[in-house]
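J.: Here it is, the structure, as structure tokens.
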Amino acid sequence: MLLRLLGAIPTLLLVIVLAFLMVHAAPGGPFDDERVLPTDVAANIQAAYHLDEPLPQQFTRYMAGLLRGDLGPSYRYRDYTVSELIGSGFPISLQLGALAMALALLVGISSGTVAALKQGSMLDRVVMSFAMTGISIPVFVVAPVLVLLLAVKLQWLPAGWSGESGFAKFVLPVITLALPQIAYIARLTRASMIDVLGCDFIRTARSQGLGSKAIIRVHALKPAMLPVLSYMGPAIAAILTGTVVVEEVFGIPGLGQFFVRGALNRDYTLVLGIVIFYAALIISLNLVVDILYGFIDPRVRQR
Amino acid sequence: MKRSGGILLFVLVLAIIGPWLSPHDYLSTNFDDMLRSPGLSGLHLFGTDDLGRDLFVRTMLGIRVTLLVAVVASLVSLVIGVTYGAVAGYVGGRVDAVMMRFVDTLYALPFIFFVILLMVAFERNFLLIFVAIGAINWLDMARIVRGQTLSLREREFVSAARLMGVSTARIIFRHITPNLLGIVVVYVTLTIPQAILVESFLSFLGLGVQEPQTSLGALVDAGVNQMEGASWMLLIPAAVLALILMSFNFLGDAMRDFFDVRQTP
Amino acid sequence: MSLLEVNDLTVQYGNNAVVDTVSFTVDRGESVGIVGESGSGKTQTALSLLGLLPRNAKMTGSVRFDGEELLNRGENHLDGFRAQRIGIIFQSPMQALNPYLRIGKQLRQILLQHKIATGNDADAKVNQMLDRVGLPDPERQFLAFPHELSGGMRQRVMIASALICAPDLLIADEPTTALDVTVQAQILDLLEELRDDMALLLITHDLGIVAGRCERLLVFQAGKLVEAGATVAVFASPRNEHTKRLLAAALRADRGEVLAPADAKTVLGVEGATVSYRDSHNARLQAVVGVDLSLREAETLAIVGESGSGKSSLVRAILGLIPMQGGRVVYAGEPLEGPVELRAAAQRRDLQLVFQDPVSALNPQMRVQTIVGEPLLVHESTMTAESRKDQVITMLQKVGLDESYLRSYPHQLSGGQAQRVAIARALILKPKILICDEAVAAIDSAVREQILDLLRMAQHESGLSIIFISHDLAVVRSISHRVAVMYLGRLVEVANSENLFALPRHPYTKALLDASPVPDPLVAPVAAPLKGEIPSSVSPPSGCVFHPRCQYAENICSERRPELRQIGGARVACHRAEEIDLSS
């Protein structure tokens with residue numbers, strides 16, 4: 001377990017170095033496409049952002065800042081530091097992501113289990129068709145179509161974010177974000193549940209007269225959840241990616257929107273900071289998943 | 001399997017010959033004929049966009065670009081993944097451990113953000129999109145091929161071939177590779193829709209294919225901006241994209257059943 | 001009224017009847033054996049009694065237990081019988097126990113479900129049961145996961161789970177097939193001991209197991225019940241042809257002719273062979289330690305041992321499939337060194353191997369013609385395709401397959417046919433030495449004899465030397481001139497067959513012989529000769545590795561490692577070989 005923890009640190013370091021190099025190897029500086037500045041002004045700006053220093057020195061400076069939680073100033077949002085921008089955007093994205101993940105797990109696992117138990121039935125086929133549609137249609141298609149349908153045409157729910165209050169504004173973004181994950185988790189749960197139910201030890205449990213409820217609860221649920229648990233890492237990454245789209249479509253001032261704006265505006269420090277932040281988040285959540293896995297599978301725990 | 005394969009073939013053929021059949025091209029703007037809804041009038045089957053360009057031809061072009069990027073990216077990931085996985089699996093031991101540790105490390109990275117970073121830092125060119133998407137997808141392929149090779153290597157027919165004096169090259173090409181074929185075909189089929197997703201995601205954000213070129217993702221993005229007045233601009237490319245993705249997924253599923261490949265590597 | 005009455009039971013998948021109008025009864029307290037080869041429908045019958053078959057199985061007929069119909073009744077109805085009235089033990093205890101749940105919890109759940117006990121009562125009852133089935137330190141094992149136990153211990157847990165509700169009938173489906181022979185004896189003894197007045201339905205492919213332990217016998221063939229009767233009567237005068245064949249094919253370790261030793265020059269010599277490797281936990285495992293052996297011309301040398309004895313590792317090291325850490329191998333005066341890829345072509349073609357599992361040993365993507373012809377392609381590169389095909393056909397005919405199999409793929413062959421193809425491939429280069437690694441272990445007894453005949457014939461024709469690895473002493477007796485017995489990577493005894501079977505010199509050899517089930521109802525089964533199980537080769541016991549299980553062990557045995565010494569006609573590694581009397 002400790003090994004895993006130690007293994008995460010070099011991974012994170014790799015991310016930082018890669019991201020840093022990528023940004024700094026970019027042809028053209030961040031201020032290139034502005035009106036042509038007098039050379040001395042340009043030099044001043046360069047100096048202000050330490051862009052005139054050699055690369056290793058810039059990296060050391062960046063790392064030192066990083067350790068203090070300082071990701072440097074934003075190039076575009078001139079009055080803010082990157083840390084402040086992340087601080088303002090992340091709580092909103094976190095709310096969205098956590099709600100979507102909870103919804104995905106709840107609906108995905110239960111519908112997948114039901115489909116597995118009624119394998120081959122009408123219900124199974126309906127659930128699986130929905131799931132197939134869900135994994136096939138990307139978030140950036142679902143989001144605008146739902147807005148068009150439920151917000152613009154039917155006017156049941158708000159289409160935007162600003163000016164809205166209460167729970168209603170969460171509904172569409174969260175559903176949009178959760179849909180593909182619901183679909184994937186449902187398929188995964190169904191497949192692994194069918195796998196587990198075909199195992200010899202389930203036959204043993206049946207031979208002991210345990211009854212289907214106890215068999216599912218005591219014997220099948222835990223092993224069937226292992227693939228779902230393994231999928232949590234990719235799911236977290238997918239939901240983070242999804243927030244980028246959802247925040248763009250619904251106009252939510254979250255981290256994803258800052259990221260896209262930053263990317264389109266070549267706000268290098270902001271993009272770099274957010275990538276590192278995302279990476280750290282994903283790596284640490286993966287670590288949590290790994291540890292949880294060990295708790296469920298006794299054979300992994302031993303190693 | 002037949003149905004989804006048939007749909008894909010139809011879409012492909014339509015994308016190739018469709019633009020020839022239409023009197024319009026993807027570039028010409030016509031400010032007198034903007035946002036015309038789909039129909040036969042003016043031979044704008046899918047209507048026109050906000051610049052008066054024919055949406056049918058643009059959609060066909062989008063399909064071409066999307067499929068091209070996806071197939072090339074999948075081939076990139078196929079070549080890297082199969083080579084990497086087969087080497088790690090057949091050589092085994094420490095080499096395998098180190099190679100797979102590397103893959104594990106890459107797995108933990110939020111690749112899509114790196115790709116975006118790449119797109120921001122460098123010119124947004126086609127080639128970069130191929131490479132970036134291929135670079136994401138080879139990881140899965142490498143893991144799967146490695147696992148399969150590892151188990152094949154332990155199979156007794158490989159030991160038997162070694163005892164007979166069969167050369168290592170012949171063992172890899174005559175004994176191991178044919179047994180890998182099924183799983184590779186299945187995963188290539190499943191990699192293509194993933195590559196499509198990434199490409200259209202980038203294009204949707206405006207970071208992928210650039211105007212006046214287009215892809216299905218870029219068309220959806222354009223559609224979102226006009227959806228309140230011209231919903232077809234969103235719905236048509238979105239439906240085509242969904243249809244293609246679904247067909248690939250169904251095809252992959254069917255092939256997986258056919259080759260009896262397990263879901264998790 | 002009998003306890004169990006089965007009438008015209010038929011199990012169908014689609015139009016294929018795997019059990020075909022079978023009728024039999026089991027009385028209270030009676031022990032009945034069901035015998036048959038693989039695919040004879042015996043397991044399907046057992047599973048159908050408790051409604052455990054897959055959903056697509058169609059069952060007709062009647063199964064009455066204590067007067068109540070069980071066939072095609074709902075799960076709720078059956079749950080009242082399962083565990084409480086009828087217990088069942090499955091073949092593979094690793095798969096049959098839930099790997100994710102502690103053993104205590106799995107047993108406890110049965111008691112809770114049937115409302116037999118709750119809370120601390122249930123725990124106490126589980127511990128008591130684990131103790132009864134001979135699990136050492138039951139309170140600690142209560143918290144163990146299945147993978148932390150050995151195969152024998154897992155099967156004991158399985159038995160505990162089947163008996164915890166004290167059922168009236170116990171169904172045991174190949175309960176010992178996955179276990180070593182000395183552990184098998186312990187498990188069979190345990191079943192006997194715990195049985196009391198419970199009825200037993202024992203399903204097995206091994207006539208030796210039912211012979212001494214079941215009062216009545218049911219013989220299955222291809223889904224049909226072909227013979228039923230008192231065990232003694234069936235063995236004495238079988239009426240059905242299939243039963244006769246089965247009985248004729250049953251080999252005995254305790255009697256029958258043995259081959260005289262081959263008196264010829266040595267072709268292969270092994271000196272001080274040592275093999276070790278790292279297991280999945282990265283611990284160093286001593287698979288083979290200092291083994292000296294020689295193989296003579298036209299001789300069959302059997303290497304016998306249970307799992308973990310190192311017999312497979314030894315021959316794989318000889319062949320160069322895995323590295324040898326110490327010692328040397330000499331073939332025809334030349335050293336055999338390094339991995340097989342680096343050996344001279346002539347050496348490679350002279351040593352061939354036949355594997356246990358013929359299905360895994362044949363490339364599923366190749367046709368029989370390619371498989372059998374491949375060695376020729378490699379070693380006779382000038383041969384034309386035409387003459388290669390001719391040779392393949394000739395070879396196939398020798399192993400009893402005709403030309404029509406040329407275009408077949410391995411999955412289209414039966415186990416016996418696949419093993420013939422594997423043997424054809426091994427023999428087509430006319431090797432000098434053939435190594436058979438459990439080559440008949442996975443094959444039904446009737447076909448087994450044909451495969452053994454094939455090997456004998458090849459030896460007779462070309463003076464082939466054979467190393468025959470097996471865990472089954474009855475098979476070994478029928479085919480080998482000499483026998484080498486291995487335990488935990490060491491040779492413990494090497495002797496001519498006539499000496500070894502008549503008078504074993506090592507206590508372990510003796511125990512193996514005693515534990516071999518004898519297919520004769522008139523021979524009372526010997527109580528399990530050995531306690532405990534084979535220790536781990538990661539940390540083998542000090543001195544003589546066998547001493548913790550040896551009833552003759554003295555202080556010296558745990559202190560000094562015994563060398564192989566010549567005693568009488570045998571070489572034995574035992575400090576006390578001269579003093580102890582193993583003739584029975």
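By order of appearance in the structure tokens: chains A, B, ..., then residues from 1 within every chain, and ligands from 1 in the order shown.
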Can you work out which residues from chain B touch chain A at a cut-off of 8 Å (counting only C-alpha atoms) and hand them back as a PyMOL selection string?

T.: chain B and resi 105+108-110+112-114+116-118+120-122+197+201+204-207+220+224+227-228+231+234-235+238+241-242+245-246+249-250

J.: Please identify every residue of chain B that has at least one atom no more than 8 Å from any atom of chain C, counting only C-alpha atoms, and report them as a list of chain:residue names.

T.: B:Arg155, B:Glu156, B:Phe157, B:Val158, B:Ser159, B:Ala160, B:Arg162, B:Leu163, B:Met164, B:Gly165, B:Val166, B:Ser167, B:His175, B:Pro178, B:Asn179

J.: Each residue of chain A with at least one atom at most 6 Å from chain C should appear once, together with its nearest atom pair and the corresponding distance in Å (one decimal); atoms considered: only C-alpha atoms; ordering: chain, then increasing residue number; output as a tab-separated table.

T.:
```
residue	atom	partner	partner_atom	distance
A:Asp200	CA	C:Ala96	CA	5.0
A:Phe201	CA	C:Ala96	CA	4.2
A:Thr204	CA	C:Ala96	CA	5.9
A:Ser207	CA	C:Arg82	CA	5.6
A:Gln208	CA	C:Ala83	CA	4.6
A:Gly209	CA	C:Asp79	CA	4.1
A:Leu210	CA	C:Gln113	CA	6.0
```

J.: Counting only C-alpha atoms, what is within 6 Å of region 70-87 of chain A, bar same-chain residues fewer than 3 positions away, as a list in words?

T.: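 The contact residues come out as Gly65, Leu66, Phe90, Asp267, Thr269, Leu270 and Gly273 of chain A.
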
J.: By how many Å are CA of Phe102 (chain B) and CA of Ile196 (chain B) apart?

T.: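 Computing the Euclidean distance for CA of Phe102 (chain B) and CA of Ile196 (chain B) yields 25.7 Å.
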
J.: For CA of Ile466 (chain C) and CA of Ser478 (chain C), quote the distance in Å rounded to one decimal.

T.: 13.6 Å

J.: Work out how far apart CA of Val219 (chain C) and CA of Gln12 (chain C) are and give it in Å to one decimal.

T.: 19.6 Å

J.: Quick one: residues within 9 Å of Asn72 (chain C), only C-alpha atoms counted, chain neighbours fewer than 3 positions away excluded, as a list in words?

T.: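 My list of contacting residues is Gly51, Lys58, Met59, Thr60, Ser62, Glu69 and Glu75 of chain C.
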
J.: Given the selection you just returned, output its residues as a file containing C-alpha atoms, formatted as a CSV table (one decimal), in the first residue's frame.

T.:
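After the write, out.csv holds the following:
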```csv
chain,number,residue,atom,x,y,z
C,51,GLY,CA,-32.2,-28.4,-9.1
C,58,LYS,CA,-35.0,-29.5,-19.5
C,59,MET,CA,-35.7,-32.2,-16.9
C,60,THR,CA,-38.4,-34.8,-17.1
C,62,SER,CA,-39.4,-37.8,-11.2
C,69,GLU,CA,-41.2,-34.6,-5.5
C,75,GLU,CA,-36.3,-22.6,-5.7
```

J.: Measuring atom to atom with only C-alpha atoms, identify which of B:Leu8, B:Met100, B:Ala70, B:Ile236 is nearest to Ala222 (chain B).

T.: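 Closest to Ala222 (chain B) of all the choices is B:Ile236.
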
J.: Which of these, A:Leu226, A:Val246, A:Met101, A:Val107, has the shortest distance to Phe295 (chain A) once you count only C-alpha atoms?

T.: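 Among the listed residues, A:Leu226 lies closest to Phe295 (chain A).
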
J.: I need the residues of region 167-230 of chain B that end up classed as alpha helix (DSSP H) by DSSP on the backbone, written out as a PyMOL selection string.

T.: chain B and resi 168-170+177-204+216-225

J.: Need the shell around Ala302 (chain C): protein/DNA/RNA residues with any atom at most 7 Å away, counting only C-alpha atoms. Skip same-chain ones fewer than 5 positions apart. Format as a PDB file with N, CA and C atoms, in the first residue's frame?

T.:
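The resulting file, around.pdb, is shown below:
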```pdb
ATOM      1  N   ILE C 467      10.600 -41.717 -20.418  1.00  0.00           N
ATOM      2  CA  ILE C 467      10.454 -41.267 -19.032  1.00  0.00           C
ATOM      3  C   ILE C 467       8.970 -40.993 -18.846  1.00  0.00           C
ATOM      4  N   PHE C 468       8.362 -41.695 -17.907  1.00  0.00           N
ATOM      5  CA  PHE C 468       6.916 -41.638 -17.757  1.00  0.00           C
ATOM      6  C   PHE C 468       6.582 -41.019 -16.403  1.00  0.00           C
ATOM      7  N   ILE C 469       6.107 -39.770 -16.461  1.00  0.00           N
ATOM      8  CA  ILE C 469       5.782 -39.089 -15.217  1.00  0.00           C
ATOM      9  C   ILE C 469       4.336 -39.348 -14.857  1.00  0.00           C
ATOM     10  N   VAL C 476       1.639 -46.722 -13.510  1.00  0.00           N
ATOM     11  CA  VAL C 476       3.084 -46.895 -13.510  1.00  0.00           C
ATOM     12  C   VAL C 476       3.450 -48.382 -13.498  1.00  0.00           C
ATOM     13  N   SER C 480       6.110 -49.472 -16.550  1.00  0.00           N
ATOM     14  CA  SER C 480       7.509 -49.101 -16.350  1.00  0.00           C
ATOM     15  C   SER C 480       8.407 -50.254 -15.935  1.00  0.00           C
ATOM     16  N   ARG C 482      11.466 -49.407 -14.441  1.00  0.00           N
ATOM     17  CA  ARG C 482      12.009 -48.887 -13.190  1.00  0.00           C
ATOM     18  C   ARG C 482      11.165 -47.710 -12.728  1.00  0.00           C
ATOM     19  N   VAL C 483      11.229 -47.449 -11.411  1.00  0.00           N
ATOM     20  CA  VAL C 483      10.442 -46.355 -10.856  1.00  0.00           C
ATOM     21  C   VAL C 483      11.333 -45.483  -9.971  1.00  0.00           C
ATOM     22  N   ALA C 484      11.196 -44.175 -10.139  1.00  0.00           N
ATOM     23  CA  ALA C 484      11.863 -43.235  -9.245  1.00  0.00           C
ATOM     24  C   ALA C 484      10.783 -42.472  -8.505  1.00  0.00           C
TER      25      ALA C 484
END
```

J.: Neighbouring residues of Val185 (chain B) were defined as those with any atom within 9 Å, considering only C-alpha atoms; residues of the same chain fewer than 4 positions away were excluded. Please report them as a PDB file with N, CA and C atoms, in the first residue's frame.

T.:
```pdb
ATOM      1  N   LEU B 180      -3.755 -14.419 -31.589  1.00  0.00           N
ATOM      2  CA  LEU B 180      -4.024 -13.076 -31.074  1.00  0.00           C
ATOM      3  C   LEU B 180      -5.031 -12.352 -31.942  1.00  0.00           C
ATOM      4  N   LEU B 181      -5.175 -12.840 -33.176  1.00  0.00           N
ATOM      5  CA  LEU B 181      -5.910 -12.105 -34.193  1.00  0.00           C
ATOM      6  C   LEU B 181      -7.307 -11.694 -33.731  1.00  0.00           C
ATOM      7  N   THR B 189     -11.920  -2.642 -33.384  1.00  0.00           N
ATOM      8  CA  THR B 189     -13.290  -2.189 -33.609  1.00  0.00           C
ATOM      9  C   THR B 189     -13.769  -1.308 -32.472  1.00  0.00           C
ATOM     10  N   LEU B 190     -13.364  -1.638 -31.254  1.00  0.00           N
ATOM     11  CA  LEU B 190     -13.810  -0.842 -30.117  1.00  0.00           C
ATOM     12  C   LEU B 190     -12.966   0.419 -29.924  1.00  0.00           C
ATOM     13  N   GLY B 252     -18.458  -4.115 -32.439  1.00  0.00           N
ATOM     14  CA  GLY B 252     -17.431  -4.583 -31.510  1.00  0.00           C
ATOM     15  C   GLY B 252     -17.997  -5.611 -30.541  1.00  0.00           C
ATOM     16  N   MET B 255     -18.626  -8.847 -32.328  1.00  0.00           N
ATOM     17  CA  MET B 255     -17.387  -9.559 -32.614  1.00  0.00           C
ATOM     18  C   MET B 255     -16.792 -10.154 -31.358  1.00  0.00           C
ATOM     19  N   ARG B 256     -16.968  -9.420 -30.252  1.00  0.00           N
ATOM     20  CA  ARG B 256     -16.446  -9.943 -28.991  1.00  0.00           C
ATOM     21  C   ARG B 256     -17.145 -11.256 -28.647  1.00  0.00           C
TER      22      ARG B 256
END
```

J.: Could you pull the residues within 7 Å of region 112-116 of chain A, counting only C-alpha atoms, minus those fewer than 2 positions along the same chain, as a PDB file with N, CA, C and O atoms, in the first residue's frame?

T.:
```
ATOM      1  N   GLY A 108     -26.705   3.136 -12.336  1.00  0.00           N
ATOM      2  CA  GLY A 108     -25.953   2.148 -13.129  1.00  0.00           C
ATOM      3  C   GLY A 108     -25.924   0.787 -12.469  1.00  0.00           C
ATOM      4  O   GLY A 108     -26.258  -0.221 -13.092  1.00  0.00           O
ATOM      5  N   ILE A 109     -25.550   0.758 -11.189  1.00  0.00           N
ATOM      6  CA  ILE A 109     -25.428  -0.532 -10.506  1.00  0.00           C
ATOM      7  C   ILE A 109     -26.777  -1.208 -10.375  1.00  0.00           C
ATOM      8  O   ILE A 109     -26.920  -2.401 -10.656  1.00  0.00           O
ATOM      9  N   SER A 110     -27.799  -0.418  -9.985  1.00  0.00           N
ATOM     10  CA  SER A 110     -29.086  -1.098  -9.780  1.00  0.00           C
ATOM     11  C   SER A 110     -29.682  -1.588 -11.100  1.00  0.00           C
ATOM     12  O   SER A 110     -30.152  -2.726 -11.178  1.00  0.00           O
ATOM     13  N   LYS A 118     -32.496 -10.663 -14.601  1.00  0.00           N
ATOM     14  CA  LYS A 118     -33.576 -10.992 -15.545  1.00  0.00           C
ATOM     15  C   LYS A 118     -32.976 -11.191 -16.938  1.00  0.00           C
ATOM     16  O   LYS A 118     -33.570 -10.741 -17.926  1.00  0.00           O
ATOM     17  N   GLN A 119     -31.798 -11.758 -16.991  1.00  0.00           N
ATOM     18  CA  GLN A 119     -31.088 -11.891 -18.253  1.00  0.00           C
ATOM     19  C   GLN A 119     -31.975 -12.470 -19.359  1.00  0.00           C
ATOM     20  O   GLN A 119     -32.629 -13.483 -19.172  1.00  0.00           O
ATOM     21  N   LEU A 123     -37.104  -6.532 -20.021  1.00  0.00           N
ATOM     22  CA  LEU A 123     -36.508  -5.488 -19.196  1.00  0.00           C
ATOM     23  C   LEU A 123     -35.005  -5.393 -19.469  1.00  0.00           C
ATOM     24  O   LEU A 123     -34.439  -4.314 -19.649  1.00  0.00           O
ATOM     25  N   ASP A 124     -34.367  -6.557 -19.498  1.00  0.00           N
ATOM     26  CA  ASP A 124     -32.933  -6.622 -19.765  1.00  0.00           C
ATOM     27  C   ASP A 124     -32.621  -5.954 -21.094  1.00  0.00           C
ATOM     28  O   ASP A 124     -31.713  -5.129 -21.197  1.00  0.00           O
ATOM     29  N   VAL A 127     -33.009  -2.128 -20.889  1.00  0.00           N
ATOM     30  CA  VAL A 127     -31.907  -1.506 -20.156  1.00  0.00           C
ATOM     31  C   VAL A 127     -30.637  -1.502 -21.008  1.00  0.00           C
ATOM     32  O   VAL A 127     -29.929  -0.498 -21.098  1.00  0.00           O
ATOM     33  N   ALA A 186     -23.823   0.377 -15.937  1.00  0.00           N
ATOM     34  CA  ALA A 186     -24.880  -0.624 -16.064  1.00  0.00           C
ATOM     35  C   ALA A 186     -24.381  -1.824 -16.866  1.00  0.00           C
ATOM     36  O   ALA A 186     -24.590  -2.977 -16.485  1.00  0.00           O
ATOM     37  N   ARG A 187     -23.705  -1.556 -17.981  1.00  0.00           N
ATOM     38  CA  ARG A 187     -23.176  -2.658 -18.800  1.00  0.00           C
ATOM     39  C   ARG A 187     -22.145  -3.476 -18.028  1.00  0.00           C
ATOM     40  O   ARG A 187     -22.155  -4.702 -18.047  1.00  0.00           O
ATOM     41  N   THR A 189     -21.771  -3.691 -14.740  1.00  0.00           N
ATOM     42  CA  THR A 189     -22.397  -4.425 -13.640  1.00  0.00           C
ATOM     43  C   THR A 189     -23.100  -5.666 -14.154  1.00  0.00           C
ATOM     44  O   THR A 189     -22.964  -6.749 -13.595  1.00  0.00           O
ATOM     45  N   ARG A 190     -23.829  -5.495 -15.253  1.00  0.00           N
ATOM     46  CA  ARG A 190     -24.559  -6.636 -15.788  1.00  0.00           C
ATOM     47  C   ARG A 190     -23.591  -7.741 -16.170  1.00  0.00           C
ATOM     48  O   ARG A 190     -23.758  -8.896 -15.775  1.00  0.00           O
ATOM     49  N   MET A 193     -21.917  -9.254 -13.090  1.00  0.00           N
ATOM     50  CA  MET A 193     -22.881  -9.994 -12.282  1.00  0.00           C
ATOM     51  C   MET A 193     -23.201 -11.344 -12.939  1.00  0.00           C
ATOM     52  O   MET A 193     -23.266 -12.369 -12.260  1.00  0.00           O
ATOM     53  N   ILE A 194     -23.351 -11.328 -14.250  1.00  0.00           N
ATOM     54  CA  ILE A 194     -23.622 -12.589 -14.954  1.00  0.00           C
ATOM     55  C   ILE A 194     -22.432 -13.534 -14.807  1.00  0.00           C
ATOM     56  O   ILE A 194     -22.584 -14.723 -14.550  1.00  0.00           O
TER      57      ILE A 194
END
```
